[in-house]
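S.K.: Contents of model32.txt (compact mmCIF, C-alpha atoms) are given next:
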```txt
# COMPACT_ATOMS: atom_id res chain seq x y z
CA MET D 11 3.23 -15.47 -2.48
CA TRP D 12 2.13 -12.58 -4.61
CA ILE D 13 -0.05 -12.43 -7.67
CA TYR D 14 0.10 -9.28 -9.72
CA GLU D 15 -3.18 -7.55 -10.51
CA LYS D 16 -3.00 -5.41 -13.61
CA LYS D 17 -4.40 -2.24 -12.05
CA LEU D 18 -3.29 0.61 -9.83
CA GLU D 19 -4.74 0.85 -6.32
CA TYR D 20 -5.79 4.43 -7.17
CA PRO D 21 -5.95 6.11 -10.62
CA ILE D 22 -3.04 8.22 -11.83
CA LYS D 23 -3.21 10.33 -14.96
CA ILE D 24 -0.67 13.16 -15.06
CA LYS D 25 -1.11 15.33 -18.13
CA ARG D 26 1.86 17.68 -17.62
CA PRO D 27 5.39 16.25 -17.29
CA ASN D 28 7.59 17.92 -14.65
CA ALA D 29 11.10 16.59 -14.13
CA ASN D 30 11.69 18.65 -10.98
CA LEU D 31 8.72 17.08 -9.23
CA ALA D 32 9.87 13.64 -10.35
CA ARG D 33 13.19 14.16 -8.59
CA LEU D 34 11.45 15.22 -5.37
CA ILE D 35 8.84 12.45 -5.39
CA MET D 36 11.64 9.91 -5.88
CA SER D 37 12.10 10.02 -2.08
CA GLN D 38 8.79 8.23 -1.64
CA LEU D 39 10.13 5.42 -3.77
CA GLY D 40 13.70 4.95 -2.52
CA GLY D 41 14.17 7.46 0.26
CA PRO D 42 14.55 6.76 4.00
CA ASP D 43 10.80 6.89 4.66
CA GLY D 44 9.43 5.76 1.30
CA GLU D 45 7.21 2.92 0.16
CA LEU D 46 10.03 0.47 -0.65
CA GLY D 47 11.33 0.92 2.90
CA ALA D 48 7.86 0.40 4.34
CA SER D 49 7.18 -2.81 2.43
CA THR D 50 10.69 -4.10 3.24
CA ARG D 51 10.12 -3.52 6.98
CA TYR D 52 6.70 -5.12 7.28
CA LEU D 53 7.20 -8.07 4.92
CA ASN D 54 10.45 -9.02 6.66
CA GLN D 55 9.28 -8.39 10.24
CA ARG D 56 6.33 -10.76 9.87
CA TYR D 57 8.43 -13.96 10.04
CA SER D 58 9.46 -13.42 13.66
CA MET D 59 6.07 -12.07 14.81
CA PRO D 60 4.62 -14.80 17.05
CA TYR D 61 0.93 -13.84 16.70
CA ARG D 62 -1.01 -14.72 13.56
CA GLU D 63 -3.34 -11.74 13.68
CA VAL D 64 -0.33 -9.40 13.71
CA GLN D 65 1.38 -11.38 10.93
CA GLY D 66 -1.82 -10.64 9.03
CA THR D 67 -1.48 -6.90 9.50
CA LEU D 68 2.22 -6.99 8.55
CA THR D 69 1.56 -9.09 5.44
CA ASP D 70 -1.46 -7.11 4.24
CA VAL D 71 -0.08 -3.65 4.93
CA GLY D 72 3.27 -4.74 3.45
CA THR D 73 1.46 -5.90 0.32
CA GLU D 74 -0.42 -2.61 0.05
CA GLU D 75 2.94 -0.80 0.30
CA LEU D 76 4.11 -2.69 -2.80
CA ALA D 77 1.04 -1.28 -4.56
CA HIS D 78 2.00 2.18 -3.30
CA MET D 79 5.54 1.68 -4.56
CA GLU D 80 3.99 1.00 -7.95
CA MET D 81 1.94 4.20 -7.71
CA VAL D 82 5.01 6.30 -6.89
CA GLY D 83 6.95 4.71 -9.76
CA THR D 84 4.02 5.45 -12.05
CA ILE D 85 3.92 9.10 -10.95
CA ILE D 86 7.65 9.45 -11.63
CA HIS D 87 7.33 7.71 -15.01
CA GLN D 88 4.45 9.94 -16.11
CA LEU D 89 6.23 13.09 -14.90
CA THR D 90 9.30 12.29 -17.04
CA ARG D 91 7.60 11.70 -20.38
CA ASN D 92 8.56 13.69 -23.50
CA LEU D 93 11.18 15.81 -21.74
CA SER D 94 13.24 18.25 -23.79
CA ILE D 95 16.97 18.64 -23.11
CA ASP D 96 16.26 22.20 -21.88
CA GLU D 97 13.70 20.89 -19.38
CA ILE D 98 16.22 18.31 -18.14
CA LYS D 99 18.95 20.95 -17.78
CA ASN D 100 16.76 23.48 -15.96
CA SER D 101 14.82 21.20 -13.61
CA GLY D 102 17.53 19.82 -11.35
CA PHE D 103 16.92 16.41 -12.99
CA ASP D 104 20.16 16.53 -15.03
CA ALA D 105 22.41 14.69 -12.55
CA TYR D 106 19.92 11.81 -12.25
CA PHE D 107 19.47 11.79 -16.05
CA VAL D 108 23.19 11.22 -16.57
CA ASP D 109 23.10 7.87 -14.75
CA HIS D 110 19.51 6.76 -15.34
CA THR D 111 18.04 8.69 -18.32
CA THR D 112 14.29 8.63 -17.54
CA GLY D 113 14.51 5.17 -16.01
CA VAL D 114 13.24 4.68 -12.47
CA TRP D 115 15.98 4.03 -9.85
CA PRO D 116 14.90 3.96 -6.21
CA SER D 117 16.78 6.66 -4.31
CA ALA D 118 16.11 9.73 -2.20
CA ALA D 119 15.49 13.20 -3.67
CA SER D 120 19.05 13.96 -2.53
CA GLY D 121 20.41 11.14 -4.71
CA VAL D 122 21.30 8.85 -1.78
CA PRO D 123 20.53 5.29 -2.95
CA PHE D 124 17.91 3.13 -1.24
CA SER D 125 19.32 1.27 1.73
CA THR D 126 18.10 -0.96 4.53
CA ASN D 127 20.34 1.19 6.77
CA THR D 128 17.29 3.43 7.21
CA LEU D 129 15.03 0.70 8.56
CA GLN D 130 14.90 -2.05 11.16
CA SER D 131 13.56 -5.53 11.60
CA THR D 132 14.54 -6.27 15.20
CA GLY D 133 12.91 -9.63 15.83
CA ASP D 134 11.14 -8.14 18.85
CA PRO D 135 7.37 -7.66 18.39
CA ILE D 136 6.95 -4.50 20.50
CA THR D 137 10.04 -2.87 19.00
CA ASP D 138 9.08 -3.77 15.43
CA LEU D 139 5.59 -2.32 15.80
CA ASN D 140 7.02 0.91 17.23
CA GLU D 141 9.37 1.04 14.22
CA ASP D 142 6.31 0.67 12.01
CA LEU D 143 4.31 3.40 13.78
CA ALA D 144 7.28 5.74 13.29
CA ALA D 145 7.66 4.69 9.65
CA GLU D 146 4.04 5.59 8.86
CA MET D 147 4.38 9.02 10.46
CA LYS D 148 7.69 9.70 8.69
CA ALA D 149 6.03 8.82 5.40
CA ARG D 150 3.09 11.09 6.23
CA THR D 151 5.47 13.98 6.98
CA THR D 152 7.26 13.40 3.68
CA TYR D 153 3.93 13.53 1.82
CA ASP D 154 3.00 16.70 3.75
CA ASN D 155 6.26 18.29 2.59
CA LEU D 156 5.69 17.18 -1.01
CA LEU D 157 2.18 18.66 -1.00
CA ARG D 158 3.68 22.02 0.06
CA LEU D 159 5.78 21.91 -3.13
CA ILE D 160 3.24 20.53 -5.65
CA ASP D 161 0.55 22.65 -7.37
CA ASP D 162 -0.54 20.33 -10.18
CA PRO D 163 -3.90 18.76 -9.18
CA ASP D 164 -3.17 15.61 -11.24
CA VAL D 165 -0.15 14.98 -9.01
CA ARG D 166 -1.71 16.20 -5.74
CA ASP D 167 -4.62 13.77 -6.06
CA PRO D 168 -2.76 10.43 -5.83
CA ILE D 169 -0.27 11.95 -3.34
CA LYS D 170 -3.16 12.89 -1.03
CA PHE D 171 -4.51 9.32 -1.31
CA LEU D 172 -1.11 7.89 -0.38
CA ARG D 173 -0.84 10.31 2.57
CA GLU D 174 -4.24 9.24 3.90
CA ARG D 175 -3.24 5.58 3.67
CA GLU D 176 -0.23 6.27 5.94
CA ILE D 177 -2.58 7.58 8.62
CA VAL D 178 -4.85 4.53 8.32
CA HIS D 179 -1.83 2.18 8.54
CA TYR D 180 -0.64 4.07 11.65
CA GLN D 181 -4.04 3.39 13.24
CA ARG D 182 -3.83 -0.33 12.36
CA PHE D 183 -0.28 -0.72 13.75
CA GLY D 184 -1.38 0.93 17.00
CA GLU D 185 -4.17 -1.63 17.28
CA ALA D 186 -1.73 -4.44 16.45
CA LEU D 187 0.54 -3.27 19.28
CA GLY D 188 -2.52 -3.56 21.54
CA GLN D 189 -3.05 -7.11 20.29
CA VAL D 190 0.57 -7.98 21.22
CA ARG D 191 0.08 -6.53 24.71
CA GLU D 192 -2.99 -8.71 25.21
CA HIS D 193 -0.74 -11.77 24.91
CA LEU D 194 1.68 -10.46 27.55
CA ASP D 195 1.64 -9.80 31.30
CA SER D 196 0.33 -6.28 31.89
CA LYS D 197 2.51 -6.03 34.99
CA ASN D 198 5.54 -5.99 32.70
CA PHE D 199 5.22 -6.02 28.90
CA PHE D 200 9.01 -5.90 28.53
CA ALA D 201 9.89 -8.89 30.74
CA PHE D 202 10.99 -11.00 27.80
CA ASN D 203 10.93 -11.14 23.98
CA PRO D 204 8.01 -13.41 23.01
CA ALA D 205 9.63 -14.01 19.59
CA PHE D 206 12.78 -15.48 21.11
CA ASP D 207 12.69 -16.28 24.82
CA LYS D 208 10.96 -19.49 25.88
CA MET O 3 -12.65 -7.57 -26.63
CA GLU O 4 -12.84 -3.91 -27.59
CA MET O 5 -9.88 -1.71 -26.79
CA ASN O 6 -11.49 1.71 -26.90
CA ASN O 7 -11.31 4.71 -24.62
CA ASN O 8 -14.94 4.52 -23.56
CA LYS O 9 -14.49 1.85 -20.93
CA PRO O 10 -17.66 0.60 -19.31
CA SER O 11 -18.19 1.71 -15.73
CA THR O 12 -17.61 -1.91 -14.68
CA CYS O 13 -13.88 -1.28 -15.14
CA LYS O 14 -14.03 1.29 -12.35
CA ARG O 15 -16.54 -0.75 -10.31
CA LEU O 16 -14.17 -3.67 -9.72
CA LYS O 17 -11.34 -1.30 -8.75
CA ALA O 18 -13.52 0.59 -6.27
CA LEU O 19 -14.83 -2.65 -4.73
CA ASP O 20 -11.30 -4.01 -4.39
CA PHE O 21 -10.16 -0.95 -2.46
CA ALA O 22 -13.12 -1.28 -0.08
CA ILE O 23 -12.31 -4.98 0.38
CA ILE O 24 -8.63 -4.29 1.16
CA GLU O 25 -9.57 -1.56 3.63
CA THR O 26 -12.14 -3.77 5.39
CA GLY O 27 -9.66 -6.66 5.48
CA LEU O 28 -7.05 -4.49 7.21
CA PHE O 29 -9.68 -3.47 9.77
CA LEU O 30 -10.67 -7.10 10.37
CA ASN O 31 -7.02 -8.08 11.06
CA THR O 32 -7.18 -5.89 14.18
CA HIS O 33 -10.92 -6.36 14.86
CA PRO O 34 -11.45 -10.04 13.97
CA THR O 35 -14.76 -10.42 15.82
CA ASP O 36 -16.43 -7.23 14.60
CA ALA O 37 -19.76 -8.51 13.27
CA LYS O 38 -20.61 -5.42 11.23
CA ALA O 39 -17.22 -5.43 9.51
CA LEU O 40 -17.49 -9.16 8.77
CA ALA O 41 -20.96 -8.70 7.28
CA TYR O 42 -19.73 -5.75 5.17
CA PHE O 43 -16.73 -7.77 3.96
CA ASN O 44 -18.95 -10.67 2.94
CA LYS O 45 -21.36 -8.34 1.12
CA LEU O 46 -18.50 -6.70 -0.82
CA ASN O 47 -16.99 -10.06 -1.72
CA GLU O 48 -20.33 -11.28 -3.03
CA GLU O 49 -20.61 -8.19 -5.26
CA ARG O 50 -17.04 -8.69 -6.41
CA LYS O 51 -17.82 -11.98 -8.14
CA ALA O 52 -20.04 -10.33 -10.78
CA ALA O 53 -17.77 -7.27 -11.06
CA TYR O 54 -14.74 -9.52 -11.64
CA ASP O 55 -16.48 -11.41 -14.45
CA ASP O 56 -17.58 -8.11 -16.04
CA TYR O 57 -14.06 -6.74 -15.74
CA THR O 58 -12.31 -9.68 -17.35
CA GLU O 59 -14.91 -9.79 -20.14
CA HIS O 60 -14.82 -6.06 -21.04
CA CYS O 61 -11.63 -4.55 -19.63
CA GLY O 62 -9.03 -7.27 -20.00
CA PRO O 63 -7.35 -9.86 -17.78
CA LEU O 64 -6.68 -8.81 -14.19
CA THR O 65 -4.16 -11.54 -13.41
CA LEU O 66 -2.09 -14.01 -15.39
CA PHE O 67 -4.58 -16.69 -14.32
CA ASP O 68 -7.64 -15.17 -15.97
CA ASP O 69 -9.21 -16.99 -18.87
CA ASN O 70 -8.76 -15.21 -22.13
CA THR O 71 -11.95 -14.66 -24.08
CA MET O 72 -10.03 -14.55 -27.32
CA SER O 73 -7.46 -16.84 -28.87
CA SER O 74 -4.59 -14.42 -28.33
CA TRP O 75 -2.55 -13.80 -25.16
CA ASP O 76 -4.30 -10.63 -23.90
CA TRP O 77 -2.18 -10.43 -20.75
CA VAL O 78 0.51 -8.51 -22.65
CA LYS O 79 -1.82 -6.77 -25.12
CA THR O 80 -3.85 -4.57 -22.77
CA PRO O 81 -2.17 -1.42 -21.42
CA TRP O 82 -0.05 -1.73 -18.28
CA PRO O 83 -1.42 0.34 -15.38
CA TRP O 84 1.37 2.95 -15.43
CA GLU O 85 0.90 3.82 -19.10
CA MET O 86 -0.69 7.10 -20.11
CA GLU O 87 -3.64 6.56 -22.39
CA ASP O 88 -2.63 9.33 -24.76
```
As structure tokens, how would this structure be written, given the file I've shared?

M.R.:
Amino acid sequence: MWIYEKKLEYPIKIKRPNANLARLIMSQLGGPDGELGASTRYLNQRYSMPYREVQGTLTDVGTEELAHMEMVGTIIHQLTRNLSIDEIKNSGFDAYFVDHTTGVWPSAASGVPFSTNTLQSTGDPITDLNEDLAAEMKARTTYDNLLRLIDDPDVRDPIKFLREREIVHYQRFGEALGQVREHLDSKNFFAFNPAFDK
Amino acid sequence: MEMNNNKPSTCKRLKALDFAIIETGLFLNTHPTDAKALAYFNKLNEERKAAYDDYTEHCGPLTLFDDNTMSSWDWVKTPWPWEMED
């Protein structure tokens, strides 16, 4: 189960609101490669993972992604404080504002709503870990693209932290894939699905 | 408990320790027999005990389960982490 700790994993204090940035950063909350997608993958893949040490990685990284989801929501919330109607009209935030005001609704920067269509939980350990390696790199690319568009150091700082965490998670999932292989026959890792076949 | 803007450094200490513990824990999941990592984890966890007590005494409850030092329900009185301290 989860217990909520009343703190952020990394400090966020954004002095200048910016509705345009909020719309872009929304992708890391509800976009195809965002933190909600990451936590949904790992926390749901862990049930069919047959090896406890890998269930550990999936549970603990999945839990950290929930904390990252909270950070992204916090960034969006702080960027949309005290907005004037002119700022809303001129920032590209107006369409979102119509349906959500300055509430937080997980979606992509394009407006496409969050969906599990963008992620997989295949019930096959090797496949799931490859999905997860890809997910971490997609998230890292998204953060790279955001950093190209963000000048405000208050926003860059937590975004850079989140980007670094993706690279660390990628390293851990690679090691977890190695742990799965250790349980299998090196002459053919793909002979059967250890989560399903007897 | 004081609610002022000059938080003691123990508020940051617990948060920094927790990040190090999480990071070491992730490493141990894929390196479960690494003696140096295990020793580091145990050292951090030992330090956390005092930092946790300091935090809940001076900075507010960390979880719903924490004892309140006052007679009121501080869980909903202290700022939530996403708030700006204007």

S.K.: Compute the set of chain O residues within 12 Å of chain D, using all atoms listed in the file, and express it as a PyMOL selection string.

M.R.: chain O and resi 13-14+16-35+54+57-58+61-68+76-88

S.K.: Tell me, in Å to one decimal, how far CA of Leu172 in chain D is from CA of Ile160 in chain D.

M.R.: 14.4 Å

S.K.: Give me, as a PyMOL selection string, all polymer residues having an atom no more than 12 Å from Thr112 in chain D, counting only C-alpha atoms and skipping those fewer than 3 positions away in the same chain.

M.R.: chain D and resi 27-29+32-33+83+86-95+98+103-109+115

S.K.: Padding 8 Å on each side, edges along x, y and z: where is the centre of the box around the listed atoms of range 32-51 of chain O, and how long are its edges in Å to one decimal? Output it as AutoDock Vina command-line options.

M.R.:
```
--center_x -14.3 --center_y -8.7 --center_z 3.8 --size_x 30.2 --size_y 22.6 --size_z 40.0
```

S.K.: Got a minute to add N, CA, C and O atoms to range 124-145 of chain D and dump it as an mmCIF file, keeping the file's coordinate frame?

M.R.:
```cif
data_model
loop_
_atom_site.group_PDB
_atom_site.id
_atom_site.type_symbol
_atom_site.label_atom_id
_atom_site.label_comp_id
_atom_site.auth_asym_id
_atom_site.auth_seq_id
_atom_site.Cartn_x
_atom_site.Cartn_y
_atom_site.Cartn_z
ATOM 1 N N PHE D 124 18.701 3.864 -2.226
ATOM 2 C CA PHE D 124 17.910 3.130 -1.240
ATOM 3 C C PHE D 124 18.804 2.209 -0.426
ATOM 4 O O PHE D 124 19.718 1.580 -0.957
ATOM 5 N N SER D 125 18.531 2.134 0.867
ATOM 6 C CA SER D 125 19.320 1.270 1.730
ATOM 7 C C SER D 125 18.489 0.775 2.901
ATOM 8 O O SER D 125 17.643 1.506 3.430
ATOM 9 N N THR D 126 18.751 -0.460 3.324
ATOM 10 C CA THR D 126 18.100 -0.960 4.530
ATOM 11 C C THR D 126 18.740 -0.362 5.790
ATOM 12 O O THR D 126 18.264 -0.628 6.899
ATOM 13 N N ASN D 127 19.789 0.457 5.632
ATOM 14 C CA ASN D 127 20.340 1.190 6.770
ATOM 15 C C ASN D 127 19.314 2.087 7.443
ATOM 16 O O ASN D 127 19.451 2.431 8.608
ATOM 17 N N THR D 128 18.272 2.474 6.669
ATOM 18 C CA THR D 128 17.290 3.430 7.210
ATOM 19 C C THR D 128 16.139 2.724 7.900
ATOM 20 O O THR D 128 15.208 3.379 8.381
ATOM 21 N N LEU D 129 16.168 1.393 7.985
ATOM 22 C CA LEU D 129 15.030 0.700 8.560
ATOM 23 C C LEU D 129 15.502 -0.457 9.437
ATOM 24 O O LEU D 129 16.669 -0.843 9.394
ATOM 25 N N GLN D 130 14.552 -0.960 10.248
ATOM 26 C CA GLN D 130 14.900 -2.050 11.160
ATOM 27 C C GLN D 130 13.880 -3.173 11.080
ATOM 28 O O GLN D 130 12.705 -2.966 10.770
ATOM 29 N N SER D 131 14.377 -4.359 11.333
ATOM 30 C CA SER D 131 13.560 -5.530 11.600
ATOM 31 C C SER D 131 14.283 -6.162 12.776
ATOM 32 O O SER D 131 15.361 -6.742 12.606
ATOM 33 N N THR D 132 13.769 -5.963 14.002
ATOM 34 C CA THR D 132 14.540 -6.270 15.200
ATOM 35 C C THR D 132 14.281 -7.666 15.763
ATOM 36 O O THR D 132 14.956 -8.091 16.695
ATOM 37 N N GLY D 133 13.241 -8.332 15.264
ATOM 38 C CA GLY D 133 12.910 -9.630 15.830
ATOM 39 C C GLY D 133 12.276 -9.532 17.205
ATOM 40 O O GLY D 133 12.188 -10.533 17.933
ATOM 41 N N ASP D 134 11.815 -8.348 17.573
ATOM 42 C CA ASP D 134 11.140 -8.140 18.850
ATOM 43 C C ASP D 134 9.791 -7.489 18.534
ATOM 44 O O ASP D 134 9.761 -6.376 17.996
ATOM 45 N N PRO D 135 8.693 -8.148 18.826
ATOM 46 C CA PRO D 135 7.370 -7.660 18.390
ATOM 47 C C PRO D 135 7.058 -6.221 18.800
ATOM 48 O O PRO D 135 6.578 -5.444 17.964
ATOM 49 N N ILE D 136 7.306 -5.860 20.060
ATOM 50 C CA ILE D 136 6.950 -4.500 20.500
ATOM 51 C C ILE D 136 7.833 -3.478 19.778
ATOM 52 O O ILE D 136 7.347 -2.443 19.310
ATOM 53 N N THR D 137 9.112 -3.785 19.663
ATOM 54 C CA THR D 137 10.040 -2.870 19.000
ATOM 55 C C THR D 137 9.680 -2.716 17.524
ATOM 56 O O THR D 137 9.639 -1.594 17.001
ATOM 57 N N ASP D 138 9.416 -3.828 16.852
ATOM 58 C CA ASP D 138 9.080 -3.770 15.430
ATOM 59 C C ASP D 138 7.835 -2.928 15.188
ATOM 60 O O ASP D 138 7.783 -2.117 14.247
ATOM 61 N N LEU D 139 6.822 -3.095 16.025
ATOM 62 C CA LEU D 139 5.590 -2.320 15.800
ATOM 63 C C LEU D 139 5.824 -0.839 16.062
ATOM 64 O O LEU D 139 5.255 0.021 15.377
ATOM 65 N N ASN D 140 6.686 -0.507 17.022
ATOM 66 C CA ASN D 140 7.020 0.910 17.230
ATOM 67 C C ASN D 140 7.788 1.474 16.046
ATOM 68 O O ASN D 140 7.561 2.620 15.646
ATOM 69 N N GLU D 141 8.671 0.664 15.461
ATOM 70 C CA GLU D 141 9.370 1.040 14.220
ATOM 71 C C GLU D 141 8.342 1.362 13.137
ATOM 72 O O GLU D 141 8.473 2.323 12.384
ATOM 73 N N ASP D 142 7.311 0.534 13.063
ATOM 74 C CA ASP D 142 6.310 0.670 12.010
ATOM 75 C C ASP D 142 5.435 1.897 12.221
ATOM 76 O O ASP D 142 5.084 2.605 11.261
ATOM 77 N N LEU D 143 5.070 2.178 13.470
ATOM 78 C CA LEU D 143 4.310 3.400 13.780
ATOM 79 C C LEU D 143 5.117 4.622 13.344
ATOM 80 O O LEU D 143 4.589 5.538 12.699
ATOM 81 N N ALA D 144 6.412 4.611 13.677
ATOM 82 C CA ALA D 144 7.280 5.740 13.290
ATOM 83 C C ALA D 144 7.384 5.834 11.770
ATOM 84 O O ALA D 144 7.321 6.934 11.206
ATOM 85 N N ALA D 145 7.527 4.693 11.107
ATOM 86 C CA ALA D 145 7.660 4.690 9.650
ATOM 87 C C ALA D 145 6.452 5.341 8.988
ATOM 88 O O ALA D 145 6.590 6.131 8.046
#
```
